[in-house]
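**Q** Got a structure for you, query.tsv, holding TSV, C-alpha atoms.
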chain	number	residue	atom	x	y	z
O	283	MET	CA	108.51	126.64	123.66
O	284	ASN	CA	111.67	124.73	122.78
O	285	LEU	CA	110.75	122.63	119.75
O	286	ASN	CA	113.97	120.65	120.06
O	287	ASP	CA	112.87	119.37	123.46
O	288	PRO	CA	110.67	116.24	123.06
O	289	ARG	CA	108.70	117.21	126.18
O	290	ASP	CA	107.72	120.53	124.59
O	291	LEU	CA	107.16	119.12	121.12
O	292	ALA	CA	104.93	116.23	122.27
O	293	PRO	CA	101.96	118.45	123.28
O	294	LEU	CA	102.18	120.29	119.96
O	295	LEU	CA	102.07	117.01	118.03
O	296	GLU	CA	99.10	116.03	120.17
O	297	ALA	CA	97.36	119.24	119.13
O	298	PHE	CA	98.07	118.52	115.45
O	299	LEU	CA	96.63	115.00	115.69
O	300	LEU	CA	93.57	116.08	117.64
O	301	ALA	CA	92.81	118.86	115.16
O	302	SER	CA	93.31	116.72	112.06
O	303	GLY	CA	91.03	113.88	113.10
O	304	LYS	CA	92.83	111.44	110.81
O	305	PRO	CA	96.24	109.75	110.59
O	306	GLN	CA	99.19	112.00	109.84
O	307	SER	CA	102.48	110.74	108.43
O	308	LEU	CA	105.84	111.91	109.73
O	309	GLU	CA	106.41	113.64	106.40
O	310	ARG	CA	103.20	115.62	106.80
O	311	LEU	CA	104.10	116.57	110.36
O	312	PHE	CA	107.50	117.80	109.12
O	313	GLU	CA	105.75	120.08	106.60
O	314	LEU	CA	103.80	121.82	109.36
O	315	PHE	CA	106.99	123.51	110.58
O	316	GLU	CA	108.95	126.20	108.82
O	317	GLU	CA	112.42	125.11	107.84
O	318	ALA	CA	114.14	127.32	110.41
O	319	GLU	CA	112.13	125.92	113.34
O	320	ARG	CA	111.74	122.32	112.17
O	321	PRO	CA	113.04	119.79	114.75
O	322	GLU	CA	115.33	116.95	113.74
O	323	PRO	CA	113.69	113.62	112.80
O	324	ALA	CA	115.12	111.99	115.91
O	325	VAL	CA	113.40	114.61	118.06
O	326	PHE	CA	110.09	113.87	116.32
O	327	LYS	CA	110.38	110.18	117.12
O	328	LYS	CA	111.26	110.86	120.77
O	329	SER	CA	108.35	113.28	121.01
O	330	LEU	CA	105.93	110.68	119.67
O	331	GLU	CA	107.20	108.22	122.25
O	332	VAL	CA	106.67	110.82	124.99
O	333	LEU	CA	103.14	111.37	123.67
O	334	ARG	CA	102.47	107.63	123.57
O	335	LYS	CA	103.52	107.22	127.21
O	336	SER	CA	101.46	110.23	128.28
O	337	CYS	CA	98.34	108.40	127.05
O	338	ASN	CA	98.84	105.58	129.57
O	339	GLY	CA	95.84	105.38	131.87
O	340	ARG	CA	93.76	107.66	129.64
O	341	ALA	CA	90.74	106.89	127.45
O	342	PHE	CA	92.65	107.44	124.21
O	343	GLU	CA	95.91	106.17	122.77
O	344	LEU	CA	98.46	107.03	120.10
O	345	LYS	CA	98.22	104.47	117.33
O	346	GLU	CA	100.46	104.03	114.31
O	347	VAL	CA	98.59	102.74	111.27
O	348	ALA	CA	99.44	102.49	107.58
O	349	SER	CA	98.80	106.19	106.86
O	350	GLY	CA	100.67	107.51	109.89
O	351	TYR	CA	99.89	108.35	113.52
O	352	ARG	CA	96.50	109.11	115.03
O	353	LEU	CA	94.89	109.59	118.43
O	354	GLN	CA	91.92	107.29	118.94
O	355	ILE	CA	89.60	106.09	121.69
O	356	ARG	CA	90.69	102.82	123.23
O	357	GLU	CA	88.75	99.79	122.06
O	358	ASP	CA	87.55	99.03	125.61
O	359	TYR	CA	85.37	102.15	125.54
O	360	ALA	CA	83.88	101.61	122.07
O	361	PRO	CA	80.54	100.08	123.21
O	362	TRP	CA	79.73	103.18	125.24
O	363	VAL	CA	81.25	105.83	122.99
O	364	GLY	CA	79.25	104.44	120.07
O	365	ARG	CA	76.07	105.65	121.78
O	366	LEU	CA	76.99	109.20	120.82
O	367	TRP	CA	75.77	108.46	117.31
O	368	GLU	CA	72.10	107.66	116.82
O	369	GLU	CA	72.53	105.85	113.53
O	370	ARG	CA	73.12	102.13	113.75
O	371	PRO	CA	76.54	100.80	112.77
O	372	GLN	CA	76.84	99.46	109.25
O	373	ARG	CA	76.36	95.74	108.87
O	374	TYR	CA	78.31	93.92	106.22
O	375	SER	CA	77.09	90.78	104.53
O	376	ARG	CA	78.91	87.52	105.08
O	377	ALA	CA	79.72	87.35	101.37
O	378	LEU	CA	81.36	90.79	101.46
O	379	LEU	CA	83.51	89.93	104.47
O	380	GLU	CA	84.55	86.59	103.02
O	381	THR	CA	85.59	88.32	99.80
O	382	MET	CA	87.51	90.95	101.78
O	383	ALA	CA	89.28	88.26	103.80
O	384	LEU	CA	90.33	86.39	100.65
O	385	ILE	CA	91.76	89.55	99.12
O	386	ALA	CA	93.61	90.42	102.33
O	387	TYR	CA	95.28	87.01	102.66
O	388	ARG	CA	95.77	86.03	99.02
O	389	GLN	CA	96.48	89.35	97.29
O	390	PRO	CA	96.91	90.01	94.48
O	391	ILE	CA	93.90	87.89	93.56
O	392	THR	CA	91.40	87.92	90.70
O	393	ARG	CA	87.64	87.67	90.90
O	394	GLY	CA	87.77	84.22	89.31
O	395	GLU	CA	90.23	82.98	91.93
O	396	ILE	CA	87.92	84.26	94.68
O	397	GLU	CA	85.03	82.38	93.09
O	398	ASP	CA	87.10	79.18	92.92
O	399	VAL	CA	87.67	79.31	96.69
O	400	ARG	CA	84.15	80.37	97.73
O	401	GLY	CA	82.36	78.19	95.19
O	402	VAL	CA	79.90	80.91	94.23
O	403	VAL	CA	79.85	83.80	91.78
O	404	VAL	CA	81.06	87.06	93.33
O	405	ASN	CA	78.31	89.64	93.11
O	406	THR	CA	79.44	92.73	91.20
O	407	ASN	CA	78.02	94.93	93.95
O	408	ILE	CA	80.47	93.46	96.45
O	409	VAL	CA	83.49	94.49	94.39
O	410	LYS	CA	82.03	97.95	93.80
O	411	THR	CA	81.35	98.40	97.50
O	412	LEU	CA	84.94	97.52	98.45
O	413	LEU	CA	86.29	99.84	95.75
O	414	GLU	CA	84.06	102.71	96.86
O	415	ARG	CA	85.11	102.28	100.48
O	416	GLU	CA	88.70	102.35	99.18
O	417	TRP	CA	89.48	99.09	100.95
O	418	ILE	CA	90.71	97.47	97.72
O	419	ARG	CA	92.13	98.61	94.40
O	420	ILE	CA	93.18	97.14	91.06
O	421	VAL	CA	96.93	96.58	91.01
O	422	GLY	CA	97.33	94.95	87.60
O	423	TYR	CA	95.95	92.36	85.22
O	424	ARG	CA	96.70	88.64	85.15
O	425	GLU	CA	98.49	87.52	81.99
O	426	VAL	CA	95.88	84.94	81.06
O	427	PRO	CA	93.07	84.99	78.48
O	428	GLY	CA	90.74	87.85	79.26
O	429	LYS	CA	93.38	89.55	81.44
O	430	PRO	CA	91.26	89.67	84.62
O	431	ALA	CA	91.92	92.47	87.11
O	432	MET	CA	93.94	91.66	90.23
O	433	PHE	CA	92.78	93.12	93.54
O	434	ALA	CA	94.79	94.06	96.63
O	435	THR	CA	94.08	95.93	99.85
O	436	THR	CA	94.83	99.61	100.43
O	437	LYS	CA	96.17	101.72	103.27
O	438	ALA	CA	92.58	102.71	104.04
O	439	PHE	CA	91.84	99.04	104.74
O	440	LEU	CA	94.81	98.82	107.12
O	441	ASP	CA	93.79	102.06	108.83
O	442	HIS	CA	90.24	100.79	109.33
O	443	PHE	CA	91.45	97.62	111.05
O	444	ASN	CA	94.20	99.36	113.05
O	445	LEU	CA	97.02	97.68	111.13
O	446	LYS	CA	100.37	99.23	110.30
O	447	ASN	CA	101.16	96.87	107.42
O	448	LEU	CA	100.11	93.51	106.00
O	449	ASP	CA	102.51	91.66	108.28
O	450	ASP	CA	100.29	92.72	111.18
O	451	LEU	CA	97.44	90.58	109.86
O	452	PRO	CA	96.90	87.83	112.43
O	453	ALA	CA	97.86	84.31	111.43
O	454	LEU	CA	94.81	82.21	110.67
O	455	ALA	CA	96.03	79.53	113.08
O	456	ASP	CA	96.22	82.12	115.87
O	457	LEU	CA	92.69	83.28	115.08
O	458	ARG	CA	91.42	79.75	115.42
O	459	GLU	CA	92.92	79.51	118.91
O	460	MET	CA	91.27	82.82	119.87
O	461	GLU	CA	87.79	81.64	118.86
O	462	PRO	CA	85.64	80.74	121.88
O	463	GLU	CA	84.69	77.12	122.33
O	464	PRO	CA	81.16	76.38	121.10
O	465	VAL	CA	78.56	76.20	123.83
O	466	LEU	CA	76.90	72.81	123.99
O	467	GLU	CA	73.12	73.05	123.87
O	468	LEU	CA	71.09	71.05	126.38
O	469	ASP	CA	68.26	68.85	125.23
O	470	ASP	CA	65.05	70.82	124.91
O	471	ALA	CA	62.79	70.26	127.89
O	472	PRO	CA	59.02	70.40	127.45
O	473	VAL	CA	57.53	73.79	128.37
O	474	PRO	CA	54.00	74.06	129.81
O	475	ALA	CA	51.62	75.48	127.24
O	476	HIS	CA	50.47	78.43	129.38
O	477	LEU	CA	54.09	79.46	130.10
O	478	GLN	CA	54.99	79.24	126.43
O	479	ALA	CA	51.98	81.44	125.56
O	480	LEU	CA	53.08	84.08	128.07
O	481	ALA	CA	56.62	84.00	126.74
O	482	ASP	CA	55.40	84.42	123.17
O	483	GLU	CA	53.28	87.42	124.10
O	484	SER	CA	56.02	89.21	126.03
O	485	ALA	CA	58.87	88.45	123.65
O	486	GLU	CA	60.03	91.36	121.54
O	487	PRO	CA	60.80	90.65	117.89
O	488	GLN	CA	64.52	90.44	117.28
O	489	GLU	CA	66.49	90.65	114.11
O	490	PRO	CA	68.18	87.42	113.08
O	491	LYS	CA	71.79	87.34	114.10
O	492	GLU	CA	74.44	87.13	111.41
O	493	GLU	CA	77.97	85.89	111.80
O	494	THR	CA	79.59	88.99	110.33
O	495	SER	CA	82.69	89.01	112.55
O	496	PHE	CA	85.75	89.62	110.38
O	497	ARG	CA	87.73	87.43	112.78
O	498	SER	CA	85.34	84.48	112.59
O	499	LEU	CA	85.34	84.62	108.81
O	500	LEU	CA	89.11	84.63	108.68
O	501	VAL	CA	89.17	81.50	110.82
O	502	GLU	CA	87.16	79.63	108.21
O	503	LEU	CA	89.78	80.46	105.58
O	504	ASP	CA	92.71	78.64	107.21
O	505	SER	CA	93.38	76.74	104.00
O	506	MET	CA	94.84	79.96	102.64
O	507	GLU	CA	97.44	80.48	105.37
O	508	GLU	CA	100.27	80.15	102.87
O	509	GLY	CA	98.80	82.94	100.73
O	510	LEU	CA	100.91	85.71	99.33
O	511	LYS	CA	101.22	89.06	101.14
O	512	THR	CA	102.13	91.94	98.88
O	513	ASP	CA	103.90	95.05	100.17
O	514	PHE	CA	102.30	98.36	99.11
O	515	ASP	CA	105.57	99.40	97.50
O	516	ASP	CA	104.92	96.71	94.88
O	517	LEU	CA	101.46	97.98	94.03
O	518	LEU	CA	100.54	100.39	91.27
O	519	ASP	CA	100.14	104.04	92.18
O	520	GLU	CA	96.84	104.62	90.47
O	521	GLU	CA	93.61	103.56	92.14
O	522	PRO	CA	90.36	103.00	90.23
O	523	ALA	CA	87.66	105.59	90.65
O	524	ALA	CA	84.57	104.47	92.53
O	525	GLU	CA	81.36	104.23	90.54
O	526	GLY	CA	78.13	105.27	92.22
O	527	ALA	CA	76.62	104.48	95.61
O	528	GLU	CA	76.58	100.90	96.75
O	529	ALA	CA	74.43	98.78	99.04
O	530	LEU	CA	76.37	96.85	101.66
O	531	ASP	CA	74.12	93.81	101.51
O	532	PRO	CA	73.96	92.84	97.84
O	533	GLU	CA	71.59	90.36	96.31
O	534	PRO	CA	72.04	86.69	97.23
O	535	GLU	CA	74.83	85.03	95.33
O	536	THR	CA	74.31	82.11	93.02
O	537	PRO	CA	76.43	78.96	92.97
O	538	ARG	CA	79.18	79.07	90.43
O	539	GLN	CA	78.66	76.72	87.51
Would you mind giving the structure from this file in structure tokens?
**A**
Amino acid sequence: MNLNDPRDLAPLLEAFLLASGKPQSLERLFELFEEAERPEPAVFKKSLEVLRKSCNGRAFELKEVASGYRLQIREDYAPWVGRLWEERPQRYSRALLETMALIAYRQPITRGEIEDVRGVVVNTNIVKTLLEREWIRIVGYREVPGKPAMFATTKAFLDHFNLKNLDDLPALADLREMEPEPVLELDDAPVPAHLQALADESAEPQEPKEETSFRSLLVELDSMEEGLKTDFDDLLDEEPAAEGAEALDPEPETPRQ
């Protein structure tokens, strides 16, 4: 195997990424080679491009996210691949996703500033949940009375949403254009009583649907389009430790006084 040939190095990088199961940075990939055999950085980049092209027409793709490169199943196959796991996917409350969206688009932002926009008190459980999932971290304290903590997103947040950096966040105006047009409901027609009774007997109970789409929540926050976006290089190095397990659907929030 000629490690200086991108065509030979590409399958080896594929093996590394498949075995790791998580994103790997270029620096980490460099460390996997002894100094005498380590290819030049330019060869690494060409090899990754060869690997990316080799995924064309296959069920997986090479994706660059904030933490590095990873091989992942294409989004088109997600509804079927998800059946491999018996447990139901986690559902996030609307309040949690709204809070996450505000932090993503207006970071660094304090809890009080989030409450000013949403008009309700932010449940403590929401902040703890986001910290424990390592989607947000404390990056400093606002120089105002009380010195409230300022929150910003992490690389884990970017990785989860397949983003390389904050500049990849979609513009709120673009999200609005991507939203489907609302379907107009027809006037309710009278239903014969015996047909309604049959329908009621055969109908299976369904869980109420929640609008928990991250995209749809971002659309509602278009007033924040001019919000600040902070590069990770400007953030503090230390992340707060998570405290205890957290429920994803916290108690109902109360209007802010």
**Q** If you count all atoms listed in the file, which residues fall within 6 Å of segment 423-437 of chain O, apart from same-chain ones fewer than 5 positions away, as a count of residues only?
**A** 8
**Q** Given all atoms listed in the file as the basis, pick out the residue of O:Gly394, O:Gly422, O:Pro361, O:Pro288 nearest to Val325 of chain O.
**A**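 Residue with the minimum atom-to-atom distance to Val325 of chain O: O:Pro288.
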**Q** Which residues come within 12 Å of Pro323 of chain O, counting all atoms listed in the file, excluding same-chain residues fewer than 2 positions away, as a list in words?
**A**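 Using all atoms listed in the file, the neighbours found are Leu285, Asn286, Pro288, Leu291, Leu308, Glu309, Leu311, Phe312, Glu313, Arg320, Pro321, Val325, Phe326, Lys327, Lys328, Ser329 and Leu330 of chain O.
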**Q** As an exercise, work out the distance from atom CA of Arg400 of chain O to atom CA of Phe439 of chain O in Å and give it to one decimal place.
**A**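 For atom CA of Arg400 of chain O relative to atom CA of Phe439 of chain O, the distance reads 21.4 Å.
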**Q** Identify which of the residues O:Leu344, O:Leu378, O:Leu294, O:Leu299 lies closest to Leu413 of chain O, counting all atoms listed in the file when measuring atom-to-atom distances.
**A** O:Leu378
**Q** N, CA and C atoms are what I want for segment 336-364 of chain O; can you complete it accordingly and write them as an mmCIF file, keeping the file's coordinate frame?
**A**
data_model
loop_
_atom_site.group_PDB
_atom_site.id
_atom_site.type_symbol
_atom_site.label_atom_id
_atom_site.label_comp_id
_atom_site.auth_asym_id
_atom_site.auth_seq_id
_atom_site.Cartn_x
_atom_site.Cartn_y
_atom_site.Cartn_z
ATOM 1 N N SER O 336 102.363 109.335 127.559
ATOM 2 C CA SER O 336 101.460 110.230 128.280
ATOM 3 C C SER O 336 100.004 109.777 128.180
ATOM 4 N N CYS O 337 99.706 108.900 127.215
ATOM 5 C CA CYS O 337 98.340 108.400 127.050
ATOM 6 C C CYS O 337 98.031 107.226 127.978
ATOM 7 N N ASN O 338 99.057 106.707 128.652
ATOM 8 C CA ASN O 338 98.840 105.580 129.570
ATOM 9 C C ASN O 338 97.827 105.976 130.649
ATOM 10 N N GLY O 339 96.845 105.112 130.865
ATOM 11 C CA GLY O 339 95.840 105.380 131.870
ATOM 12 C C GLY O 339 94.752 106.334 131.420
ATOM 13 N N ARG O 340 94.769 106.747 130.157
ATOM 14 C CA ARG O 340 93.760 107.660 129.640
ATOM 15 C C ARG O 340 92.835 106.912 128.672
ATOM 16 N N ALA O 341 91.748 107.553 128.289
ATOM 17 C CA ALA O 341 90.740 106.890 127.450
ATOM 18 C C ALA O 341 91.153 106.795 125.998
ATOM 19 N N PHE O 342 92.206 107.492 125.598
ATOM 20 C CA PHE O 342 92.650 107.440 124.210
ATOM 21 C C PHE O 342 94.114 107.022 124.155
ATOM 22 N N GLU O 343 94.546 106.656 122.963
ATOM 23 C CA GLU O 343 95.910 106.170 122.770
ATOM 24 C C GLU O 343 96.469 106.691 121.450
ATOM 25 N N LEU O 344 97.787 106.701 121.358
ATOM 26 C CA LEU O 344 98.460 107.030 120.100
ATOM 27 C C LEU O 344 98.668 105.736 119.348
ATOM 28 N N LYS O 345 98.142 105.687 118.128
ATOM 29 C CA LYS O 345 98.220 104.470 117.330
ATOM 30 C C LYS O 345 98.882 104.752 115.999
ATOM 31 N N GLU O 346 99.839 103.917 115.628
ATOM 32 C CA GLU O 346 100.460 104.030 114.310
ATOM 33 C C GLU O 346 99.790 103.045 113.369
ATOM 34 N N VAL O 347 99.231 103.560 112.286
ATOM 35 C CA VAL O 347 98.590 102.740 111.270
ATOM 36 C C VAL O 347 99.306 102.978 109.944
ATOM 37 N N ALA O 348 98.755 102.425 108.876
ATOM 38 C CA ALA O 348 99.440 102.490 107.580
ATOM 39 C C ALA O 348 99.663 103.918 107.100
ATOM 40 N N SER O 349 98.702 104.817 107.359
ATOM 41 C CA SER O 349 98.800 106.190 106.860
ATOM 42 C C SER O 349 99.583 107.115 107.773
ATOM 43 N N GLY O 350 99.918 106.660 108.971
ATOM 44 C CA GLY O 350 100.670 107.510 109.890
ATOM 45 C C GLY O 350 100.226 107.312 111.330
ATOM 46 N N TYR O 351 100.247 108.394 112.091
ATOM 47 C CA TYR O 351 99.890 108.350 113.520
ATOM 48 C C TYR O 351 98.534 109.021 113.727
ATOM 49 N N ARG O 352 97.766 108.487 114.684
ATOM 50 C CA ARG O 352 96.500 109.110 115.030
ATOM 51 C C ARG O 352 96.190 108.854 116.507
ATOM 52 N N LEU O 353 95.399 109.753 117.080
ATOM 53 C CA LEU O 353 94.890 109.590 118.430
ATOM 54 C C LEU O 353 93.484 109.019 118.335
ATOM 55 N N GLN O 354 93.218 107.946 119.045
ATOM 56 C CA GLN O 354 91.920 107.290 118.940
ATOM 57 C C GLN O 354 91.477 106.769 120.299
ATOM 58 N N ILE O 355 90.168 106.633 120.460
ATOM 59 C CA ILE O 355 89.600 106.090 121.690
ATOM 60 C C ILE O 355 90.003 104.622 121.812
ATOM 61 N N ARG O 356 90.319 104.212 123.021
ATOM 62 C CA ARG O 356 90.690 102.820 123.230
ATOM 63 C C ARG O 356 89.488 101.913 122.964
ATOM 64 N N GLU O 357 89.797 100.729 122.460
ATOM 65 C CA GLU O 357 88.750 99.790 122.060
ATOM 66 C C GLU O 357 87.842 99.416 123.219
ATOM 67 N N ASP O 358 88.354 99.411 124.453
ATOM 68 C CA ASP O 358 87.550 99.030 125.610
ATOM 69 C C ASP O 358 86.339 99.941 125.808
ATOM 70 N N TYR O 359 86.444 101.189 125.330
ATOM 71 C CA TYR O 359 85.370 102.150 125.540
ATOM 72 C C TYR O 359 84.406 102.243 124.360
ATOM 73 N N ALA O 360 84.687 101.498 123.295
ATOM 74 C CA ALA O 360 83.880 101.610 122.070
ATOM 75 C C ALA O 360 82.399 101.342 122.280
ATOM 76 N N PRO O 361 81.989 100.320 123.070
ATOM 77 C CA PRO O 361 80.540 100.080 123.210
ATOM 78 C C PRO O 361 79.775 101.264 123.780
ATOM 79 N N TRP O 362 80.420 102.041 124.642
ATOM 80 C CA TRP O 362 79.730 103.180 125.240
ATOM 81 C C TRP O 362 79.866 104.439 124.369
ATOM 82 N N VAL O 363 81.047 104.648 123.816
ATOM 83 C CA VAL O 363 81.250 105.830 122.990
ATOM 84 C C VAL O 363 80.369 105.787 121.750
ATOM 85 N N GLY O 364 80.094 104.570 121.249
ATOM 86 C CA GLY O 364 79.250 104.440 120.070
ATOM 87 C C GLY O 364 77.845 104.969 120.263
#
